[in-house]
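Heads up, coords29.txt below (compact mmCIF, C-alpha atoms):
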```
# COMPACT_ATOMS: atom_id res chain seq x y z
CA MET C 20 38.94 62.83 68.57
CA SER C 21 38.51 66.21 66.98
CA GLU C 22 35.23 67.88 66.09
CA GLU C 23 35.95 67.55 62.37
CA ARG C 24 36.85 63.87 62.44
CA LEU C 25 33.94 62.94 64.68
CA LYS C 26 31.48 64.99 62.70
CA GLY C 27 32.74 63.44 59.46
CA LEU C 28 32.08 59.97 60.87
CA PHE C 29 28.63 61.00 62.10
CA VAL C 30 27.63 62.52 58.76
CA ARG C 31 28.72 59.32 57.00
CA GLY C 32 26.73 57.36 59.56
CA LEU C 33 23.66 59.50 58.88
CA ALA C 34 24.03 58.60 55.21
CA GLY C 35 23.91 54.90 56.11
CA ASP C 36 27.60 54.00 56.59
CA ALA C 37 27.34 51.54 59.49
CA ALA C 38 31.10 51.19 60.04
CA ALA C 39 31.62 54.96 60.31
CA TYR C 40 28.60 55.20 62.58
CA HIS C 41 29.99 52.46 64.82
CA THR C 42 33.33 54.28 65.18
CA PHE C 43 31.45 57.51 65.85
CA LEU C 44 29.29 56.02 68.62
CA GLN C 45 32.23 54.26 70.19
CA SER C 46 34.42 57.33 70.46
CA LEU C 47 31.47 59.54 71.38
CA GLY C 48 30.80 57.08 74.20
CA SER C 49 34.34 57.66 75.50
CA HIS C 50 33.89 61.43 75.35
CA LEU C 51 30.54 61.22 77.11
CA ARG C 52 32.00 58.94 79.78
CA ALA C 53 34.80 61.39 80.62
CA PHE C 54 32.36 64.30 80.58
CA LEU C 55 29.84 62.54 82.83
CA ARG C 56 32.43 61.05 85.20
CA LYS C 57 33.62 64.52 85.98
CA ARG C 58 30.08 65.81 86.48
CA LEU C 59 28.86 62.84 88.49
CA SER C 60 31.88 62.23 90.67
CA ARG C 61 29.55 61.65 93.61
CA LEU C 62 27.48 59.09 91.74
CA PRO C 63 30.27 57.07 90.07
CA ASP C 64 28.14 53.92 89.80
CA GLU C 65 25.57 55.67 87.66
CA VAL C 66 27.92 57.09 85.04
CA GLU C 67 27.74 54.09 82.71
CA ASP C 68 23.93 54.03 82.86
CA LEU C 69 23.86 57.62 81.76
CA VAL C 70 26.47 57.02 79.04
CA GLN C 71 24.18 54.35 77.63
CA GLU C 72 21.08 56.51 77.97
CA SER C 73 22.88 59.37 76.19
CA LEU C 74 24.10 57.14 73.36
CA LEU C 75 20.58 55.84 72.86
CA ALA C 76 19.35 59.45 72.81
CA VAL C 77 22.01 60.41 70.24
CA HIS C 78 20.81 57.54 68.08
CA ASN C 79 17.10 58.24 68.49
CA GLN C 80 17.53 61.97 67.89
CA ARG C 81 20.18 61.77 65.17
CA HIS C 82 17.67 63.11 62.64
CA THR C 83 17.73 66.45 64.49
CA PHE C 84 21.38 67.04 63.61
CA ASP C 85 21.95 69.48 60.77
CA PRO C 86 25.24 68.63 58.97
CA ALA C 87 25.63 72.34 58.15
CA GLN C 88 26.10 72.98 61.89
CA PRO C 89 29.04 71.98 64.11
CA LEU C 90 28.70 68.76 66.10
CA THR C 91 29.94 69.92 69.51
CA PRO C 92 26.99 72.18 70.45
CA TRP C 93 24.53 69.49 69.39
CA VAL C 94 26.15 66.73 71.42
CA TYR C 95 26.77 69.02 74.35
CA ALA C 96 23.17 70.26 74.51
CA LEU C 97 21.92 66.70 74.25
CA ALA C 98 24.27 65.34 76.92
CA ARG C 99 23.56 68.27 79.22
CA TYR C 100 19.81 67.78 78.80
CA LYS C 101 20.07 64.06 79.59
CA LEU C 102 22.27 64.73 82.62
CA ILE C 103 19.95 67.34 84.11
CA ASP C 104 16.89 65.24 83.29
CA TYR C 105 18.53 62.24 84.97
CA LEU C 106 19.27 64.16 88.17
CA ARG C 107 15.92 65.89 88.19
CA ARG C 108 14.09 62.57 88.01
CA ARG C 109 16.02 61.51 91.10
CA GLU C 110 15.51 64.90 92.69
CA ARG C 111 19.28 65.01 93.06
CA THR C 112 20.26 68.14 91.16
CA ASP C 113 22.30 68.98 94.26
CA LEU C 114 24.78 66.33 93.12
CA LEU C 115 25.74 68.29 90.08
CA ASN C 116 29.19 69.22 91.26
CA ASP C 117 30.43 71.18 88.31
CA PRO C 118 28.95 74.08 86.44
CA LEU C 119 27.68 73.06 83.04
CA ASP C 120 29.14 75.77 80.91
CA GLU C 121 32.14 74.29 79.23
CA GLU C 122 30.93 73.11 75.90
CA SER C 123 34.36 73.00 74.31
CA GLU C 124 35.57 70.51 76.86
CA LEU C 125 33.19 67.75 75.81
CA LEU C 126 35.20 66.46 72.88
CA GLY C 127 38.46 67.42 74.55
CA THR C 128 38.35 64.60 77.09
CA SER C 129 37.92 60.91 76.57
CA ASP C 130 37.63 57.80 78.71
CA ALA C 131 37.39 54.42 77.03
CA GLU C 132 37.23 52.40 80.26
CA ALA C 133 33.60 51.40 80.46
CA ALA C 134 32.31 50.40 83.87
CA GLU C 135 29.48 47.94 84.40
CA ALA C 136 26.10 49.51 83.80
CA ARG C 137 23.74 48.99 86.73
CA ARG C 138 20.68 48.90 84.59
CA ASP C 139 20.49 46.08 82.06
CA VAL C 140 19.30 47.39 78.74
CA ALA C 141 19.06 43.82 77.44
CA LYS C 142 16.42 43.05 80.07
CA LEU C 143 14.42 46.13 79.09
CA LEU C 144 14.65 45.03 75.47
CA GLN C 145 13.13 41.68 76.39
CA GLY C 146 10.16 43.53 77.83
CA LEU C 147 9.25 45.21 74.53
CA PRO C 148 6.23 43.90 72.62
CA ASP C 149 7.05 41.28 69.95
CA ARG C 150 6.51 43.62 67.00
CA GLN C 151 9.41 45.71 68.31
CA ARG C 152 11.47 43.14 70.19
CA LEU C 153 11.76 40.63 67.32
CA PRO C 154 12.92 43.15 64.68
CA ILE C 155 15.54 44.54 67.07
CA GLN C 156 16.68 41.07 68.10
CA HIS C 157 16.96 39.72 64.55
CA VAL C 158 18.28 42.75 62.68
CA LYS C 159 20.26 44.69 65.27
CA ILE C 160 21.61 41.82 67.41
CA ASP C 161 21.60 38.64 65.30
CA GLY C 162 22.53 40.46 62.09
CA LEU C 163 19.75 39.12 59.88
CA SER C 164 18.56 41.29 57.01
CA VAL C 165 15.26 43.12 57.12
CA ALA C 166 13.91 40.81 54.39
CA GLU C 167 14.91 37.67 56.31
CA THR C 168 13.38 39.03 59.48
CA ALA C 169 10.18 39.87 57.66
CA ARG C 170 9.99 36.29 56.37
CA MET C 171 10.72 34.75 59.77
CA THR C 172 8.24 36.84 61.69
CA GLY C 173 5.52 37.17 59.07
CA MET C 174 5.77 40.96 59.37
CA SER C 175 6.10 43.22 56.34
CA GLU C 176 9.53 44.77 55.70
CA SER C 177 8.28 48.24 56.55
CA ALA C 178 6.75 46.90 59.78
CA VAL C 179 10.18 45.46 60.66
CA LYS C 180 11.84 48.85 60.08
CA ILE C 181 9.14 50.69 62.03
CA GLY C 182 9.43 48.10 64.81
CA ILE C 183 13.16 48.81 65.18
CA HIS C 184 12.67 52.57 65.08
CA ARG C 185 9.77 52.66 67.51
CA GLY C 186 11.23 49.95 69.73
CA LEU C 187 14.39 51.98 70.39
CA LYS C 188 12.24 55.02 71.23
CA VAL C 189 10.10 52.98 73.62
CA LEU C 190 13.29 51.60 75.13
CA ALA C 191 14.52 55.15 75.82
CA ALA C 192 11.16 56.06 77.35
CA ARG C 193 11.23 52.97 79.60
CA ILE C 194 14.76 53.76 80.72
CA ARG C 195 13.52 57.21 81.70
CA ALA C 196 10.36 55.95 83.36
CA GLY C 197 12.16 53.22 85.25
CA ALA C 198 14.80 55.55 86.56
CA GLY C 199 12.59 57.96 88.42
CA THR C 200 9.13 59.20 89.14
CA ALA C 201 8.53 60.84 85.81
CA GLU C 202 6.41 59.03 83.27
CA GLY C 203 7.97 58.17 79.94
CA SER C 204 6.19 58.21 76.64
CA ALA C 205 7.33 57.26 73.19
CA SER C 206 6.74 59.40 70.21
CA MET T 19 24.19 44.93 78.42
CA LYS T 20 27.67 46.42 78.10
CA THR T 21 28.05 49.80 76.46
CA GLU T 22 30.08 48.18 73.69
CA GLU T 23 27.19 45.83 72.93
CA LEU T 24 24.76 48.73 72.90
CA VAL T 25 27.00 50.55 70.39
CA ASN T 26 27.10 47.40 68.23
CA LEU T 27 23.31 47.20 68.39
CA LEU T 28 22.72 50.84 67.52
CA ALA T 29 25.19 50.84 64.62
CA ALA T 30 24.16 47.46 63.15
CA GLN T 31 22.60 47.80 59.69
CA THR T 32 21.96 51.48 60.23
CA VAL T 33 19.96 53.07 57.43
CA ALA T 34 20.31 56.54 55.94
CA VAL T 35 18.37 59.21 57.79
CA ASP T 36 15.66 60.87 55.70
CA ARG T 37 16.82 64.49 55.63
CA GLY T 38 13.61 65.99 54.31
CA ALA T 39 11.35 64.32 56.87
CA ALA T 40 11.28 67.21 59.36
CA ALA T 41 10.32 69.76 56.70
CA ARG T 42 7.62 67.45 55.33
CA ARG T 43 6.23 66.93 58.84
CA MET T 44 6.13 70.69 59.35
CA ILE T 45 4.27 71.32 56.09
CA PHE T 46 1.90 68.47 56.92
CA ALA T 47 1.26 69.69 60.48
CA LEU T 48 0.77 73.32 59.49
CA GLY T 49 -1.38 72.37 56.50
CA ILE T 50 -3.75 70.26 58.60
CA ALA T 51 -3.74 72.79 61.45
CA GLY T 52 -4.35 75.73 59.10
CA GLY T 53 -7.23 73.91 57.43
CA ALA T 54 -8.71 72.98 60.79
CA GLY T 55 -8.38 76.57 62.04
CA ILE T 56 -10.14 77.93 58.95
CA ALA T 57 -12.90 75.29 59.26
CA LEU T 58 -13.28 76.11 62.96
CA THR T 59 -13.56 79.83 62.19
CA GLY T 60 -16.08 79.24 59.42
CA ALA T 61 -18.21 76.81 61.43
CA VAL T 62 -18.17 78.40 64.88
CA LEU T 63 -17.60 82.12 64.26
CA GLY T 64 -18.58 82.58 60.63
CA PHE T 65 -16.55 84.47 58.05
CA ASN T 66 -16.84 88.24 57.91
CA PRO T 67 -19.50 88.85 55.20
CA HIS T 68 -17.86 92.16 54.20
CA LEU T 69 -14.45 90.63 53.69
CA ALA T 70 -14.46 91.24 49.93
CA GLN T 71 -15.05 95.00 50.24
CA GLU T 72 -12.78 95.34 53.28
CA SER T 73 -9.88 93.70 51.48
CA ALA T 74 -9.60 96.99 49.58
CA LEU T 75 -8.59 98.73 52.84
CA PRO T 76 -4.85 99.21 53.36
CA MET T 77 -5.34 98.17 57.01
CA PHE T 78 -6.69 94.80 55.87
CA TRP T 79 -3.29 94.09 54.37
CA VAL T 80 -1.42 95.62 57.29
CA LYS T 81 -3.23 93.14 59.54
CA GLN T 82 -2.42 90.24 57.21
CA VAL T 83 1.25 91.17 56.96
CA PHE T 84 1.46 91.75 60.74
CA CYS T 85 0.19 88.24 61.53
CA ALA T 86 2.31 86.61 58.81
CA ALA T 87 5.42 88.52 59.88
CA LEU T 88 5.01 87.10 63.39
CA ALA T 89 3.99 83.58 62.36
CA LEU T 90 6.94 83.01 60.06
CA PRO T 91 9.88 83.76 62.40
CA ALA T 92 8.05 82.11 65.32
CA CYS T 93 7.57 78.89 63.32
CA ILE T 94 11.22 78.89 62.27
CA MET T 95 12.27 79.59 65.85
CA ALA T 96 10.15 76.71 67.21
CA ALA T 97 11.60 74.33 64.62
CA ARG T 98 15.12 75.53 65.38
CA LEU T 99 14.70 75.17 69.15
CA GLY T 100 13.53 71.62 68.48
CA ARG T 101 17.17 70.78 67.72
CA PRO T 102 19.76 70.46 70.49
CA GLY T 103 22.29 73.27 70.62
CA ARG T 104 20.46 75.71 68.35
CA ARG T 105 19.70 79.24 69.54
CA PRO T 106 16.98 81.70 68.46
CA GLY T 107 19.56 84.30 67.42
CA SER T 108 18.31 86.98 65.06
CA LEU T 109 14.83 85.44 64.95
CA LEU T 110 14.06 87.26 68.20
CA THR T 111 14.61 90.50 66.30
CA GLY T 112 12.41 89.14 63.53
CA ILE T 113 9.61 88.76 66.05
CA GLY T 114 10.30 92.11 67.68
CA VAL T 115 10.17 94.16 64.45
CA PRO T 116 6.47 93.60 63.54
CA LEU T 117 5.44 94.05 67.17
CA VAL T 118 7.28 97.35 67.56
CA ALA T 119 6.06 98.51 64.14
CA MET T 120 2.42 97.80 65.08
CA TRP T 121 2.78 99.53 68.45
CA GLY T 122 4.41 102.51 66.73
CA LEU T 123 1.59 102.70 64.19
CA ALA T 124 -0.99 102.45 66.99
CA ALA T 125 0.69 105.27 68.90
CA VAL T 126 0.67 107.52 65.81
CA VAL T 127 -3.00 106.74 65.10
CA LEU T 128 -4.00 107.45 68.71
CA TRP T 129 -1.94 110.63 68.84
CA ARG T 130 -3.51 112.03 65.65
CA ALA T 131 -7.09 111.04 66.52
CA PRO T 132 -9.45 113.41 68.34
CA ALA T 133 -9.51 112.65 72.08
CA ALA T 134 -13.16 111.52 71.94
CA GLU T 135 -12.39 108.79 69.40
CA ARG T 136 -9.37 107.30 71.08
CA LEU T 137 -11.24 104.86 73.28
CA THR T 138 -13.25 103.56 70.33
CA LEU T 139 -10.06 103.04 68.32
CA LEU T 140 -8.65 101.03 71.19
CA LEU T 141 -11.72 98.98 72.10
CA GLY T 142 -13.52 98.59 68.77
CA HIS T 143 -16.66 96.52 69.16
CA THR T 144 -15.12 93.15 69.96
CA ALA T 145 -12.31 93.81 72.45
CA LEU T 146 -13.71 91.52 75.13
CA VAL T 147 -13.95 88.44 72.93
CA CYS T 148 -11.08 89.03 70.50
CA PRO T 149 -8.14 87.60 72.52
CA TRP T 150 -10.11 84.53 73.59
CA LEU T 151 -11.30 83.80 70.07
CA ILE T 152 -7.77 84.15 68.71
CA ALA T 153 -6.61 81.70 71.37
CA LEU T 154 -9.44 79.34 70.36
CA VAL T 155 -8.63 79.50 66.65
CA SER T 156 -4.94 78.88 67.44
CA VAL T 157 -5.68 75.53 69.13
CA PRO T 158 -5.19 73.36 65.98
CA ALA T 159 -1.85 75.04 65.18
CA PHE T 160 -0.83 74.68 68.83
CA ILE T 161 -1.53 70.94 68.75
CA GLY T 162 0.18 70.58 65.36
CA LEU T 163 3.34 72.38 66.44
CA PHE T 164 3.58 70.48 69.72
CA TRP T 165 3.16 67.22 67.79
CA LEU T 166 5.94 68.36 65.47
CA LEU T 167 8.25 69.26 68.37
CA HIS T 168 7.51 65.99 70.10
CA GLY T 169 9.22 64.31 67.15
CA LEU T 170 12.29 66.54 67.55
CA ALA T 171 14.55 66.95 70.59
CA PRO T 172 14.13 70.35 72.25
CA THR T 173 16.44 70.91 75.22
CA ARG T 174 15.02 74.24 76.44
CA LEU T 175 11.46 73.18 76.91
CA ALA T 176 9.82 76.36 78.20
CA SER T 177 11.37 78.57 75.49
CA THR T 178 10.52 76.01 72.82
CA GLY T 179 6.94 75.76 74.08
CA ALA T 180 6.63 79.56 74.12
CA ALA T 181 7.94 79.84 70.54
CA ALA T 182 5.46 77.18 69.40
CA GLY T 183 2.68 78.97 71.30
CA LEU T 184 3.52 82.29 69.69
CA ALA T 185 3.64 80.70 66.25
CA ALA T 186 0.24 79.08 66.89
CA GLY T 187 -1.14 82.38 68.19
CA ALA T 188 0.05 84.31 65.13
CA ILE T 189 -1.38 81.65 62.79
CA GLY T 190 -4.61 81.75 64.83
CA ALA T 191 -4.80 85.56 64.57
CA TRP T 192 -4.12 85.37 60.85
CA ILE T 193 -7.06 82.99 60.41
CA TYR T 194 -9.24 84.91 62.88
CA ALA T 195 -8.84 87.95 60.60
CA LEU T 196 -11.24 86.14 58.24
CA HIS T 197 -13.95 86.67 60.85
CA CYS T 198 -12.81 89.85 62.57
CA PRO T 199 -14.34 93.22 61.58
CA GLU T 200 -11.69 95.36 63.34
CA TYR T 201 -9.04 97.30 61.44
CA ALA T 202 -7.82 100.03 63.81
CA ALA T 203 -4.10 99.75 64.56
CA PRO T 204 -4.57 100.47 68.31
CA PHE T 205 -7.05 97.58 68.51
CA LEU T 206 -4.67 95.20 66.75
CA ALA T 207 -1.69 96.37 68.79
CA LEU T 208 -3.51 95.55 72.03
CA TRP T 209 -6.05 92.77 71.54
CA TYR T 210 -4.41 90.79 68.76
CA VAL T 211 -1.16 90.80 70.69
CA LEU T 212 -2.99 89.71 73.85
CA GLY T 213 -4.66 86.94 71.85
CA MET T 214 -1.26 85.69 70.73
CA ALA T 215 0.13 86.05 74.25
CA ILE T 216 -2.39 83.50 75.62
CA PRO T 217 -1.05 80.52 73.61
CA THR T 218 2.51 81.81 74.11
CA ALA T 219 2.12 81.66 77.90
CA LEU T 220 0.35 78.31 77.66
CA GLY T 221 3.20 76.99 75.50
CA ALA T 222 5.79 78.09 78.05
CA LEU T 223 3.81 76.31 80.78
CA LEU T 224 3.12 73.13 78.85
CA GLY T 225 6.54 72.82 77.14
CA PRO T 226 8.31 71.27 80.11
CA ARG T 227 5.43 68.82 80.62
CA LEU T 228 4.74 67.78 77.05
CA LEU T 229 8.07 68.07 75.26
CA SER T 230 10.44 66.19 77.56
CA TRP T 231 12.17 63.12 76.15
```

Represent the structure of the file as structure tokens.
Amino acid sequence: MSEERLKGLFVRGLAGDAAAYHTFLQSLGSHLRAFLRKRLSRLPDEVEDLVQESLLAVHNQRHTFDPAQPLTPWVYALARYKLIDYLRRRERTDLLNDPLDEESELLGTSDAEAAEARRDVAKLLQGLPDRQRLPIQHVKIDGLSVAETARMTGMSESAVKIGIHRGLKVLAARIRAGAGTAEGSAS
Amino acid sequence: MKTEELVNLLAAQTVAVDRGAAARRMIFALGIAGGAGIALTGAVLGFNPHLAQESALPMFWVKQVFCAALALPACIMAARLGRPGRRPGSLLTGIGVPLVAMWGLAAVVLWRAPAAERLTLLLGHTALVCPWLIALVSVPAFIGLFWLLHGLAPTRLASTGAAAGLAAGAIGAWIYALHCPEYAAPFLALWYVLGMAIPTALGALLGPRLLSW
């Protein structure tokens, strides 16, 4: 998908259009998969884990995207950072078999064939504290509204929203911490 | 969890992103940090009692503009580097201009001064403490800017930390000027710049440790 189309979907997603955001994440996932498969050809089993970690990072950091700027450099810098961070935590930067200087290529390749992830994000989700786990479970997985979730859990609506937001950040930190020696921390 | 399920989860009931949040956080962080820096200067160092008379000196305003002209582009650069894919660009020039201007002014002042006065112009009366006190006064801004960047997503951590350190140092020097009795350009060109260099170096060192995500 082209820069313009993908960026258009992302900008609509940032404005709260869930359907556009879903299409954006799905096709970005395919681009990231192709990009990472090429870079991690010696660690093929870990590609899907990193695709998921990168998608979670895109989501958690989406507020740092400036719609006045092009999308490609933003996604590329983010994916590159996650890839290097991933290898560094494993002390395996030697496995980086391709130079990381072809930004334009990121959205030029696509691979929709997801492999099995080795790490189960669902299991990590279950490990979150209730004030984060329940809002994510009810709103993001079961499809209940924020108001319904607030009623069911006895939390306030803003606590439900904060629980989702913080929970996904903690999830990213735990993915990082679990994957290597480095400590993770949520902001 | 399959990637498809993760995408469903992330996209489900997504809400609009608050576009002004980053700017509000910056104003909040710098406001608190500036206030804390001024309080720290007043409580620990004391304000310069002759400030009112000295504000009539042209060099008082040169010092103010010098610090502000470094703080502003450094703050913008730190905030920009907090976003993936952004580069410092012309902001590096923006930081270079006040530095070169101050060094040029210092050179002219030293060149025109009688040889016997040159050392005094360079050392003033507070050279030994000045850089350390500037570094001390910059601590609240340093913490505030790192907190701010922790909520963004810097990908070049040492550069981002250095930019935040320089911004904190320039803000610290700006506030320290409320205490400082020195106005000679050679003094400012050397000791103020050294004072700002301490948090800059610290920021470059701490960036990779504190800003990773």

Please provide the set of residues having any atom within 6 Å of range 150-154 of chain T, restricted to all atoms listed in the file, with same-chain residues fewer than 5 positions apart removed, written as a tab-separated table (two decimals) with C-alpha atoms, in the coordinates of the input.
```tsv
chain	number	residue	atom	x	y	z
T	190	GLY	CA	-4.61	81.75	64.83
T	191	ALA	CA	-4.80	85.56	64.57
T	213	GLY	CA	-4.66	86.94	71.85
```

Check: Taking all atoms listed in the file into account, which residues of chain T are within 6 Å of chain C, as a list in words?
Finding: Met19, Leu27, Ala29, Ala30, Thr32, Val33, Ala34, Val35, Arg101, Pro102, Gly103 and Thr173 of chain T

Would you be able to write out as a compact mmCIF listing (two decimals) with C-alpha atoms, keeping the file's coordinate frame which residues have an atom within 10 Å of (13.1, 86.3, 67.3) in the file's coordinates, counting only C-alpha atoms?
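The file below, part-v1.txt, is the result:
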```txt
# COMPACT_ATOMS: atom_id res chain seq x y z
CA LEU T 88 5.01 87.10 63.39
CA PRO T 91 9.88 83.76 62.40
CA ALA T 92 8.05 82.11 65.32
CA ILE T 94 11.22 78.89 62.27
CA MET T 95 12.27 79.59 65.85
CA ARG T 105 19.70 79.24 69.54
CA PRO T 106 16.98 81.70 68.46
CA GLY T 107 19.56 84.30 67.42
CA SER T 108 18.31 86.98 65.06
CA LEU T 109 14.83 85.44 64.95
CA LEU T 110 14.06 87.26 68.20
CA THR T 111 14.61 90.50 66.30
CA GLY T 112 12.41 89.14 63.53
CA ILE T 113 9.61 88.76 66.05
CA GLY T 114 10.30 92.11 67.68
CA VAL T 115 10.17 94.16 64.45
CA ALA T 181 7.94 79.84 70.54
```

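Relative to CA of Tyr194 in chain T, CA of Leu175 in chain T is found at 27.6 Å.
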
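When only C-alpha atoms are used to measure the gap to Ser73 in chain C, the shortest distance among C:Ala87, C:Ala196, C:Asp130, C:Ile103 belongs to C:Ile103.
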
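The coordinates place CA of Arg111 in chain C at 24.6 Å from CA of Thr178 in chain T.
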
Next item on the list: Record the distance separating CA of Ser156 in chain T and CA of Ala61 in chain T, expressed in Å with one decimal.
Entry: 14.7 Å

Item checked: Pick from T:Gly52, T:Pro67, T:Gly100, T:Gly38, whichever lies nearest to His168 in chain T using all atoms listed in the file -> T:Gly100

Next item on the list: Can you pull out every residue within 8 Å of Phe65 in chain T, counting all atoms listed in the file, but drop anything in the same chain fewer than 6 positions away, and send it as a ChimeraX atom specification?
Entry: /T:59,196-198

Checklist line | Protein and nucleic acid residues near (38.1, 63.8, 64.0) (cut-off 12 Å, only C-alpha atoms) as a PyMOL selection string | finding: chain C and resi 20-30+39+42-43+46-47+90-91+126-127

Selection export as an mmCIF file, keeping the file's coordinate frame, atoms kept: C-alpha atoms:
```cif
data_model
loop_
_atom_site.group_PDB
_atom_site.id
_atom_site.type_symbol
_atom_site.label_atom_id
_atom_site.label_comp_id
_atom_site.auth_asym_id
_atom_site.auth_seq_id
_atom_site.Cartn_x
_atom_site.Cartn_y
_atom_site.Cartn_z
ATOM 1 C CA MET C 20 38.940 62.830 68.570
ATOM 2 C CA SER C 21 38.510 66.210 66.980
ATOM 3 C CA GLU C 22 35.230 67.880 66.090
ATOM 4 C CA GLU C 23 35.950 67.550 62.370
ATOM 5 C CA ARG C 24 36.850 63.870 62.440
ATOM 6 C CA LEU C 25 33.940 62.940 64.680
ATOM 7 C CA LYS C 26 31.480 64.990 62.700
ATOM 8 C CA GLY C 27 32.740 63.440 59.460
ATOM 9 C CA LEU C 28 32.080 59.970 60.870
ATOM 10 C CA PHE C 29 28.630 61.000 62.100
ATOM 11 C CA VAL C 30 27.630 62.520 58.760
ATOM 12 C CA ALA C 39 31.620 54.960 60.310
ATOM 13 C CA THR C 42 33.330 54.280 65.180
ATOM 14 C CA PHE C 43 31.450 57.510 65.850
ATOM 15 C CA SER C 46 34.420 57.330 70.460
ATOM 16 C CA LEU C 47 31.470 59.540 71.380
ATOM 17 C CA LEU C 90 28.700 68.760 66.100
ATOM 18 C CA THR C 91 29.940 69.920 69.510
ATOM 19 C CA LEU C 126 35.200 66.460 72.880
ATOM 20 C CA GLY C 127 38.460 67.420 74.550
#
```

Next item on the list: Name the residues in contact with Ala47 in chain T at a cut-off of 9 Å, using all atoms listed in the file, excluding same-chain residues fewer than 6 positions from it; report them as a ChimeraX atom specification.
Entry: /T:159,161-163,165-166

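Using all atoms listed in the file for every distance, the candidate list T:Cys148, T:Ala86, T:Ala97, T:Leu24 yields T:Cys148 as the residue closest to Glu200 in chain T.
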
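Distance annotation: of T:Ala182, T:Pro199, T:Thr21, T:Phe205, the residue with the minimal separation from Ala70 in chain T is T:Pro199; atom set is all atoms listed in the file.
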